[in-house]
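Enquirer: Sharing final-v6.txt here; it has compact mmCIF, C-alpha atoms and all ligand atoms.
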# COMPACT_ATOMS: atom_id res chain seq x y z
CA MET A 1 96.45 108.11 62.11
CA VAL A 2 96.66 104.77 60.35
CA PRO A 3 93.49 102.68 60.32
CA ILE A 4 93.67 99.59 62.47
CA LEU A 5 92.96 96.27 60.76
CA THR A 6 91.48 93.72 63.10
CA ARG A 7 90.07 91.53 60.37
CA LEU A 8 90.42 91.91 56.64
CA ASP A 9 86.87 93.08 56.18
CA VAL A 10 86.73 95.49 59.09
CA VAL A 11 88.48 98.79 59.47
CA TRP A 12 88.45 100.73 62.71
CA SER A 13 89.57 104.27 62.69
CA VAL A 14 90.52 106.08 65.85
CA ASP A 15 91.21 109.33 64.06
CA THR A 16 88.34 111.79 64.22
CA GLY A 17 89.73 113.57 61.13
CA PHE A 18 89.61 110.41 59.04
CA ALA A 19 86.58 111.52 57.03
CA THR A 20 87.59 115.17 56.92
CA LEU A 21 88.15 116.59 53.47
CA GLY A 22 91.70 116.39 52.17
CA ILE A 23 91.94 120.17 51.79
CA ARG A 24 91.31 120.46 55.55
CA GLY A 25 94.06 118.07 56.47
CA GLY A 26 91.99 114.91 56.71
CA TRP A 27 92.01 111.77 54.63
CA GLY A 28 88.84 112.60 52.74
CA ILE A 29 87.47 109.09 53.31
CA ILE A 30 83.68 109.04 53.15
CA ASN A 31 83.12 105.27 52.95
CA LEU A 32 85.21 103.11 55.26
CA GLU A 33 84.01 99.86 53.74
CA GLU A 34 85.11 100.84 50.24
CA PHE A 35 88.34 102.22 51.63
CA ASN A 36 89.04 98.88 53.24
CA ARG A 37 88.49 97.11 49.92
CA ALA A 38 90.79 99.55 48.19
CA PHE A 39 93.36 99.05 50.92
CA LEU A 40 93.22 95.30 50.42
CA GLY A 41 93.56 95.83 46.67
CA ARG A 42 97.18 96.58 47.48
CA TRP A 43 97.60 92.91 48.34
CA TRP A 44 96.15 91.84 45.00
CA TRP A 45 98.55 94.23 43.34
CA LYS A 46 101.51 92.64 45.10
CA ILE A 47 100.34 89.20 44.03
CA SER A 48 99.63 90.01 40.39
CA SER A 49 102.63 92.26 39.82
CA GLY A 50 105.03 89.79 41.41
CA GLY A 51 106.15 92.12 44.16
CA PRO A 52 107.76 90.69 47.28
CA TRP A 53 105.13 89.88 49.87
CA CYS A 54 104.94 86.97 52.29
CA GLY A 55 101.14 86.73 51.94
CA SER A 56 101.28 85.70 48.28
CA ALA A 57 102.28 82.10 48.98
CA PRO A 58 99.39 81.14 51.33
CA ILE A 59 96.79 82.84 49.13
CA LEU A 60 98.03 81.13 45.97
CA HIS A 61 98.32 77.83 47.82
CA ASN A 62 94.89 77.94 49.43
CA TYR A 63 92.78 79.52 46.71
CA TYR A 64 94.55 79.11 43.39
CA HIS A 65 95.83 75.53 43.46
CA HIS A 66 99.40 76.81 43.03
CA GLN A 67 98.52 78.48 39.75
CA PRO A 68 100.87 81.20 38.55
CA ARG A 69 100.25 84.53 40.24
CA TRP A 70 99.27 86.24 37.01
CA ASN A 71 96.21 84.03 36.70
CA LEU A 72 93.73 85.30 39.30
CA TRP A 73 90.65 83.80 37.68
CA ARG A 74 90.36 80.26 39.04
CA THR A 75 89.46 80.63 42.67
CA ARG A 76 88.05 78.08 45.03
CA SER A 77 84.49 78.76 46.03
CA ARG A 78 85.08 78.38 49.77
CA CYS A 79 87.12 80.86 51.68
CA CYS A 80 87.98 81.07 55.36
CA SER A 81 86.55 83.99 57.31
CA PHE A 82 89.91 85.69 57.70
CA TRP A 83 90.37 86.11 53.95
CA GLN A 84 86.75 86.87 53.10
CA GLY A 85 87.32 90.60 53.02
CA LEU A 86 89.93 90.19 50.32
CA PHE A 87 87.76 88.71 47.60
CA PRO A 88 84.85 91.18 47.09
CA SER A 89 87.22 93.65 45.44
CA LEU A 90 88.90 91.08 43.19
CA GLU A 91 86.57 91.43 40.20
CA VAL A 92 86.85 95.21 40.20
CA PHE A 93 90.60 94.91 40.66
CA ARG A 94 90.90 92.66 37.61
CA ALA A 95 88.85 95.14 35.57
CA CYS A 96 91.35 97.90 36.45
CA LEU A 97 94.38 95.82 35.51
CA ARG A 98 96.04 96.22 32.13
CA SER A 99 98.21 93.46 30.71
CA ILE A 100 101.21 94.30 28.57
CA VAL A 101 102.00 91.46 26.20
CA GLY A 102 105.66 90.54 25.86
CA ASN A 103 106.13 86.89 24.98
CA GLY A 104 102.44 86.18 25.61
CA ASN A 105 103.08 83.42 28.14
CA CYS A 106 101.65 85.18 31.19
CA THR A 107 98.57 86.87 29.74
CA LEU A 108 95.20 85.19 29.35
CA PHE A 109 93.97 85.79 25.81
CA TRP A 110 90.24 86.02 26.54
CA LEU A 111 90.09 87.34 30.09
CA ASP A 112 92.92 89.84 30.57
CA ASN A 113 92.70 93.46 29.43
CA TRP A 114 95.49 93.46 26.88
CA TYR A 115 93.72 94.43 23.62
CA ASP A 116 93.21 98.21 23.70
CA ASP A 117 92.72 97.92 27.46
CA GLN A 118 89.87 95.50 26.94
CA ALA A 119 89.46 91.76 27.33
CA PRO A 120 88.89 90.11 23.92
CA LYS A 121 85.94 88.16 25.28
CA TYR A 122 83.93 91.39 25.06
CA LEU A 123 85.09 92.08 21.50
CA TRP A 124 84.58 88.58 20.05
CA TRP A 125 81.79 87.33 22.25
CA GLU A 126 80.55 84.65 19.84
CA ASP A 127 84.05 83.23 19.39
CA PHE A 128 84.52 83.25 23.16
CA GLN A 129 81.32 81.25 23.62
CA ALA A 130 82.74 78.51 21.41
CA VAL A 131 86.11 78.09 23.18
CA THR A 132 86.61 75.09 25.43
CA SER A 133 89.02 76.75 27.85
CA PRO A 134 88.95 80.49 28.61
CA PHE A 135 92.31 80.23 30.39
CA THR A 136 94.50 79.93 27.31
CA THR A 137 97.33 82.40 27.01
CA VAL A 138 97.93 84.92 24.26
CA ARG A 139 100.81 82.88 22.88
CA GLU A 140 98.81 79.68 22.81
CA VAL A 141 95.97 81.31 20.87
CA LEU A 142 97.93 83.51 18.49
CA THR A 143 100.53 80.95 17.50
CA GLY A 144 97.73 78.54 16.55
CA SER A 145 95.22 78.92 13.75
CA LEU A 146 92.86 81.88 14.10
CA THR A 147 89.28 81.35 13.07
CA GLY A 148 86.17 83.49 12.79
CA GLY A 149 86.53 87.18 13.52
CA LEU A 150 89.95 86.68 15.09
CA GLY A 151 91.51 85.81 11.75
CA LEU A 152 90.35 89.09 10.19
CA ASP A 153 91.71 91.46 12.83
CA LEU A 154 94.84 93.35 11.81
CA SER A 155 95.98 94.10 15.36
CA LEU A 156 95.89 90.44 16.27
CA ALA A 157 97.81 89.64 13.12
CA SER A 158 100.44 92.19 14.12
CA VAL A 159 100.84 90.70 17.62
CA ARG A 160 100.91 87.22 16.15
CA SER A 161 103.73 88.07 13.75
CA ARG A 162 105.66 89.72 16.59
CA LEU A 163 105.28 86.69 18.83
CA ILE A 164 106.48 84.38 16.07
CA SER A 165 109.41 86.50 14.97
CA THR A 166 110.59 87.88 18.33
CA VAL A 167 114.02 86.73 19.38
CA GLY A 168 114.57 86.63 23.13
CA ASP A 169 112.13 86.43 25.95
CA CYS A 170 110.43 89.68 26.97
CA PRO A 171 108.05 88.80 29.82
CA ASP A 172 104.48 90.03 30.09
CA SER A 173 103.72 92.59 32.75
CA LYS A 174 100.80 94.19 34.56
CA ARG A 175 99.95 97.88 34.77
CA TRP A 176 97.33 99.73 36.74
CA LYS A 177 94.86 101.35 34.33
CA LEU A 178 93.86 104.21 36.61
CA THR A 179 97.25 105.88 36.76
CA GLN A 180 99.47 107.16 33.98
CA ASP A 181 102.64 105.49 35.23
CA GLY A 182 100.90 102.14 35.80
CA SER A 183 101.61 102.02 39.53
CA PHE A 184 98.98 101.18 42.13
CA PRO A 185 98.02 103.86 44.64
CA VAL A 186 95.24 102.92 47.05
CA ARG A 187 93.67 106.32 46.44
CA SER A 188 92.94 105.62 42.77
CA PHE A 189 91.31 102.30 43.57
CA TYR A 190 89.26 103.86 46.35
CA ARG A 191 87.98 106.58 44.04
CA PHE A 192 87.07 103.98 41.44
CA LEU A 193 85.14 101.97 44.03
CA ILE A 194 83.35 105.08 45.25
CA ASP A 195 82.18 106.37 41.87
CA ARG A 196 82.18 103.05 39.98
CA GLY A 197 84.42 104.50 37.29
CA LEU A 198 81.94 107.23 36.40
CA ARG A 199 83.99 110.11 37.75
CA CYS A 200 84.21 113.04 35.38
CA ASN A 201 87.82 114.06 34.81
CA ILE A 202 86.93 117.48 33.46
CA THR A 203 84.98 118.77 36.47
CA PRO A 204 87.98 118.96 38.83
CA VAL A 205 89.93 120.79 36.12
CA ILE A 206 87.19 123.39 35.74
CA PHE A 207 86.77 123.98 39.47
CA LYS A 208 90.49 123.90 40.25
CA CYS A 209 91.22 127.55 39.69
CA PRO A 210 91.27 130.60 41.99
CA VAL A 211 88.13 132.22 40.61
CA PRO A 212 84.81 133.08 42.26
CA ARG A 213 82.59 130.06 42.77
CA LYS A 214 79.85 131.36 40.51
CA ILE A 215 82.35 131.74 37.65
CA ALA A 216 83.60 128.19 38.14
CA ALA A 217 80.01 126.92 38.30
CA PHE A 218 79.15 128.85 35.16
CA SER A 219 82.15 127.37 33.31
CA TRP A 220 81.08 123.92 34.35
CA LEU A 221 77.45 124.44 33.33
CA ALA A 222 78.52 125.86 29.97
CA TRP A 223 80.84 122.91 29.39
CA ASP A 224 77.90 120.61 30.13
CA LYS A 225 75.76 122.72 27.75
CA LYS A 226 73.32 123.55 30.53
CA ILE A 227 73.31 127.33 30.23
CA LEU A 228 70.32 128.93 28.55
CA THR A 229 71.65 129.82 25.14
CA LEU A 230 69.05 130.56 22.47
CA ASP A 231 69.28 127.13 20.86
CA THR A 232 68.67 125.46 24.24
CA LEU A 233 65.71 127.75 24.97
CA PHE A 234 64.26 127.01 21.54
CA ALA A 235 64.67 123.27 22.07
CA ARG A 236 62.79 123.60 25.37
CA GLY A 237 60.06 125.61 23.72
CA CYS A 238 60.55 128.69 25.90
CA ASN A 239 62.42 131.02 23.59
CA LYS A 240 60.95 134.53 23.90
CA LEU A 241 62.86 135.82 20.90
CA PRO A 242 61.58 135.03 17.40
CA THR A 243 64.95 133.66 16.35
CA THR A 244 67.87 131.64 17.69
CA THR A 245 70.41 133.68 15.73
CA CYS A 246 73.39 134.94 17.73
CA LEU A 247 72.81 138.62 18.47
CA LEU A 248 76.52 139.40 18.69
CA CYS A 249 77.24 138.50 15.06
CA CYS A 250 73.85 137.73 13.45
CA SER A 251 75.51 135.06 11.33
CA ASP A 252 74.75 131.75 13.00
CA GLU A 253 72.65 130.03 15.62
CA GLU A 254 73.59 130.84 19.21
CA SER A 255 74.93 127.71 20.86
CA CYS A 256 77.57 127.28 23.55
CA ASP A 257 80.29 126.44 21.07
CA HIS A 258 79.31 129.26 18.72
CA LEU A 259 78.94 131.95 21.38
CA PHE A 260 82.23 131.29 23.15
CA PHE A 261 84.47 130.03 20.38
CA LYS A 262 83.12 130.31 16.82
CA CYS A 263 81.42 133.69 16.91
CA PRO A 264 83.64 136.28 15.15
CA ILE A 265 83.76 138.34 18.36
CA ALA A 266 84.88 135.34 20.42
CA ARG A 267 87.43 134.32 17.80
CA GLY A 268 88.82 137.85 17.77
CA LEU A 269 89.21 137.80 21.57
CA TRP A 270 90.97 134.44 21.61
CA THR A 271 93.27 135.59 18.81
CA GLN A 272 94.18 138.77 20.69
CA LEU A 273 94.85 136.91 23.92
CA ALA A 274 96.91 134.09 22.42
CA PRO A 275 100.25 135.97 22.21
CA LEU A 276 99.71 137.59 25.62
CA PHE A 277 99.21 134.27 27.37
CA ALA A 278 101.53 132.20 25.16
CA PHE A 279 99.05 129.61 23.99
CA SER A 280 99.76 128.52 20.45
CA TRP A 281 96.24 127.98 19.21
CA SER A 282 92.73 129.01 20.16
CA PRO A 283 90.11 126.52 21.35
CA SER A 284 87.27 125.81 18.94
CA SER A 285 84.70 124.20 21.23
CA TYR A 286 84.02 123.54 24.89
CA SER A 287 85.20 119.94 24.77
CA ASN A 288 88.27 121.19 22.96
CA LEU A 289 88.90 123.90 25.59
CA TRP A 290 89.07 121.54 28.58
CA GLY A 291 90.49 118.70 26.50
CA SER A 292 93.38 119.04 24.10
CA TRP A 293 93.75 122.83 24.45
CA TYR A 294 94.16 122.66 28.23
CA ARG A 295 96.36 119.56 28.12
CA GLU A 296 98.74 121.05 25.58
CA LEU A 297 99.34 124.25 27.54
CA SER A 298 102.91 124.49 28.70
CA PRO A 299 103.30 124.20 32.48
CA HIS A 300 104.49 127.77 32.99
CA CYS A 301 101.39 129.26 31.31
CA LYS A 302 98.78 126.72 32.35
CA LEU A 303 97.50 128.72 35.31
CA SER A 304 97.37 132.06 33.53
CA SER A 305 95.76 130.61 30.38
CA SER A 306 93.14 128.66 32.26
CA LEU A 307 92.40 131.75 34.33
CA ILE A 308 91.96 134.02 31.32
CA ALA A 309 89.79 131.36 29.64
CA ARG A 310 87.29 131.64 32.48
CA VAL A 311 87.36 135.41 32.25
CA VAL A 312 86.67 135.26 28.51
CA LEU A 313 83.73 132.90 28.94
CA TRP A 314 82.21 134.98 31.70
CA GLN A 315 82.61 138.33 29.93
CA ILE A 316 81.20 137.01 26.66
CA TRP A 317 78.20 135.75 28.57
CA LEU A 318 77.73 139.14 30.26
CA ALA A 319 78.06 140.92 26.91
CA ARG A 320 75.50 138.60 25.37
CA ASN A 321 73.07 139.16 28.26
CA ASN A 322 73.62 142.90 28.06
CA CYS A 323 72.74 142.77 24.39
CA ILE A 324 69.59 140.72 24.88
CA PHE A 325 68.17 142.23 28.05
CA ASN A 326 69.47 145.81 28.00
CA TYR A 327 69.80 146.32 24.23
CA VAL A 328 73.41 147.42 24.73
CA PHE A 329 76.00 146.21 22.29
CA ILE A 330 79.59 146.30 23.46
CA SER A 331 82.43 146.53 20.95
CA THR A 332 85.17 143.90 20.78
CA SER A 333 87.82 146.38 21.97
CA ALA A 334 85.75 147.34 25.02
CA LEU A 335 85.08 143.69 25.74
CA PHE A 336 88.78 142.96 25.48
CA LEU A 337 89.53 145.68 28.03
CA LYS A 338 86.91 144.32 30.38
CA ILE A 339 88.58 140.94 30.16
CA CYS A 340 91.97 142.47 30.91
CA TYR A 341 90.71 144.30 33.96
CA MET A 342 88.81 141.35 35.31
CA TYR A 343 91.92 139.21 34.96
CA LEU A 344 93.88 141.68 37.08
CA TYR A 345 90.99 141.88 39.51
CA TRP A 346 91.18 138.13 40.16
CA ILE A 347 94.93 138.05 40.67
CA PRO A 348 94.82 138.60 44.48
CA ALA A 349 92.89 135.32 44.81
CA VAL A 350 95.85 133.37 43.45
CA PRO A 351 97.93 131.74 46.21
CA PRO A 352 101.23 133.60 46.77
CA ARG A 353 103.28 130.50 45.95
CA GLU A 354 101.67 130.42 42.47
CA MET A 355 101.98 134.14 41.80
CA HIS A 356 105.32 133.94 40.01
CA ARG A 357 103.64 131.91 37.25
CA LEU A 358 101.46 134.90 36.40
CA ASP A 359 104.15 137.56 36.21
CA GLU A 360 104.54 137.53 32.43
CA SER A 361 100.82 137.59 31.73
CA ILE A 362 100.24 140.40 34.24
CA ALA A 363 102.96 142.49 32.61
CA ALA A 364 101.51 141.81 29.14
CA ILE A 365 98.00 142.75 30.23
CA ARG A 366 99.20 145.93 31.88
CA ARG A 367 101.04 146.94 28.71
CA CYS A 368 97.85 146.39 26.73
CA ILE A 369 95.87 148.59 29.08
CA GLN A 370 98.52 151.25 29.25
CA PHE A 371 98.76 151.69 25.49
CA SER A 372 95.12 151.32 24.72
CA ASP A 373 93.33 154.52 23.94
CA SER A 374 90.08 152.68 24.12
CA ALA A 375 90.25 152.50 27.88
CA HIS A 376 89.61 156.17 28.27
CA LYS A 377 86.86 156.09 25.70
CA VAL A 378 85.17 153.31 27.54
CA LEU A 379 85.51 155.15 30.82
CA ASP A 380 83.80 158.16 29.30
CA SER A 381 80.91 156.12 28.04
CA ASP A 382 77.74 156.14 30.10
CA GLU A 383 76.94 152.67 28.88
CA HIS A 384 79.79 151.08 30.76
CA ASP A 385 79.47 152.32 34.28
CA ASP A 386 80.28 148.91 35.62
CA LEU A 387 83.66 148.89 33.85
CA GLY A 388 84.35 152.42 35.05
CA GLY A 389 83.67 151.32 38.58
CA LEU A 390 85.92 148.35 38.07
CA LEU A 391 88.72 150.53 36.73
CA LEU A 392 88.43 152.91 39.65
CA LEU A 393 88.42 150.01 42.06
CA LEU A 394 91.49 148.51 40.46
CA GLY A 395 93.26 151.82 40.57
CA PHE A 396 92.29 152.20 44.20
CA CYS A 397 93.62 148.73 44.97
CA GLY A 398 96.92 149.47 43.28
CA HIS A 399 96.60 147.04 40.42
CA LEU A 400 97.13 149.65 37.72
ZN ZN B 1 77.86 134.99 17.00
Just give me the structure as structure tokens.
Expert:
Amino acid sequence: MVPILTRLDVVWSVDTGFATLGIRGGWGIINLEEFNRAFLGRWWWKISSGGPWCGSAPILHNYYHHQPRWNLWRTRSRCCSFWQGLFPSLEVFRACLRSIVGNGNCTLFWLDNWYDDQAPKYLWWEDFQAVTSPFTTVREVLTGSLTGGLGLDLSLASVRSRLISTVGDCPDSKRWKLTQDGSFPVRSFYRFLIDRGLRCNITPVIFKCPVPRKIAAFSWLAWDKKILTLDTLFARGCNKLPTTTCLLCCSDEESCDHLFFKCPIARGLWTQLAPLFAFSWSPSSYSNLWGSWYRELSPHCKLSSSLIARVVLWQIWLARNNCIFNYVFISTSALFLKICYMYLYWIPAVPPREMHRLDESIAAIRRCIQFSDSAHKVLDSDEHDDLGGLLLLLGFCGHL
């Protein structure tokens, strides 16, 4: 159901599912006031981007003294009640707008976000304080003489030379900073208004995977370096062990990045799994794992690789705890088999429509298990009853 606008600053919703989470079929709107502002941001987008809209003319006439539509900075102080709801979101809207400089005629040098997505007034604050008019365009400033810090900046010099030498007339344009393609969806603006731009982009990536909740929570805590590794315990003054040395390799201090990525055991696991899951290189740290490593995964192996990454993290943590609390050291080959079996164990949780993306990895893992003599050795070991139970369960469920 579409919200009903009676006035610009009031939204009435007649749909009881309006605030229901998106995954349950609702809109996921938790703040109607902010949603209304985001909704009205669409009007600002039409004005600033030059899109066809009959409302542009009266707004520019009444509140901008017929200024060009790309200059949304000089507003009249008074505003009629009908339009009042439009202006509270304007400052935030301008902050989310990126200007692409073409000929420099339609971009404000000091106020628009055109220099590395920032407004130069924040970069050269002292120079900005000395200017007589903040509404000068990029062309007007850069084709004149540059003084102070402006004259020393290489990027400005590059734009200046381009503006002087460019033949033709490439117009400036506006892009929306919150989306990759530069378009304006109301949803992105609403999210920005809700979290004030502080939303963590990594958290949804970590939780967006068909794994048990506690595994997802553990991955997130480890990424945030909140799990109780020995270096963290030592820093808090509650380390019961006399050392912070990693007990799996005894070669370095146990930290999140060491335990899961730099420890020889962890490195060996990642190296073994790389050809099975078709990722070209192994992550070297937590920020690296959910950053460049995850981004550079090819689409067809993104799900399987991100799934096995969570298994690796969880099983390394269990092996470490087993070593510390039960004095049981598990070999790399046994740990690798545990990882393989747990991966297969989690497969049924993957939605059927996504299952075809896991076919290759499942086949590779099954081949590894089939030809591994270690599996039987591990099964015979009394120290790994949990794995034996897992193997029997998997066999019972038909995964082997
Ligand atoms: Zn280690």
Enquirer: What gap, in Å, lies between CA of Arg162 (chain A) and CA of Leu178 (chain A)?
Expert: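 CA of Leu178 (chain A) lies 27.4 Å from CA of Arg162 (chain A).
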Enquirer: Once you count only C-alpha atoms, what closest atom pair and distance in Å to one decimal does each residue of region 160-204 of chain A within 8 Å of region 142-148 of chain A have, with rows by chain and rising residue number, as CSV?
Expert:
residue,atom,partner,partner_atom,distance
A:Arg160,CA,A:Leu142,CA,5.3
A:Leu163,CA,A:Thr143,CA,7.6
A:Ile164,CA,A:Thr143,CA,7.0
Enquirer: Output the selection as an mmCIF file, in the frame of the given file - C-alpha atoms for each residue.
Expert:
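The result, written out as again.cif:
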data_model
loop_
_atom_site.group_PDB
_atom_site.id
_atom_site.type_symbol
_atom_site.label_atom_id
_atom_site.label_comp_id
_atom_site.auth_asym_id
_atom_site.auth_seq_id
_atom_site.Cartn_x
_atom_site.Cartn_y
_atom_site.Cartn_z
ATOM 1 C CA ARG A 160 100.910 87.220 16.150
ATOM 2 C CA LEU A 163 105.280 86.690 18.830
ATOM 3 C CA ILE A 164 106.480 84.380 16.070
#
Enquirer: Would you compute the distance between CA of Cys200 (chain A) and CA of Ser305 (chain A)? Give it in Å to one decimal.
Expert: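 Straight-line distance from CA of Cys200 (chain A) to CA of Ser305 (chain A) works out to 21.6 Å.
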Enquirer: Within 12 Å of ligand ZN 1 (chain B), which residues show up when you count all atoms listed in the file? List them as a PyMOL selection string, please.
Expert: chain A and resi 229-230+244-268+316-317+319-320+323
Enquirer: Distance CA of Glu140 (chain A)-CA of Arg94 (chain A), one decimal place?
Expert: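 Calculated distance between CA of Glu140 (chain A) and CA of Arg94 (chain A) is 21.2 Å.
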Enquirer: A:Leu97, A:Leu72, A:Ala235, A:Leu111: which is nearest Phe184 (chain A), counting only C-alpha atoms?
Expert: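 Nearest candidate to Phe184 (chain A) out of A:Leu97, A:Leu72, A:Ala235, A:Leu111: A:Leu97.
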Enquirer: Quick one: everything within 9 Å of Ile339 (chain A), counting only C-alpha atoms, minus sequence neighbours fewer than 3 positions away in the same chain. Send it as a list in words.
Expert: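 So, after excluding close chain neighbours, the residues are Ile308, Val311, Val312, Trp314, Gln315, Ala334, Leu335, Phe336, Met342, Tyr343 and Leu344 of chain A.
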Enquirer: Write the residues of the preceding selection, restricted to C-alpha atoms, as a compact mmCIF listing (two decimals), in the coordinates of the input.
Expert:
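The file below, out.txt, is the result:
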# COMPACT_ATOMS: atom_id res chain seq x y z
CA ILE A 308 91.96 134.02 31.32
CA VAL A 311 87.36 135.41 32.25
CA VAL A 312 86.67 135.26 28.51
CA TRP A 314 82.21 134.98 31.70
CA GLN A 315 82.61 138.33 29.93
CA ALA A 334 85.75 147.34 25.02
CA LEU A 335 85.08 143.69 25.74
CA PHE A 336 88.78 142.96 25.48
CA MET A 342 88.81 141.35 35.31
CA TYR A 343 91.92 139.21 34.96
CA LEU A 344 93.88 141.68 37.08
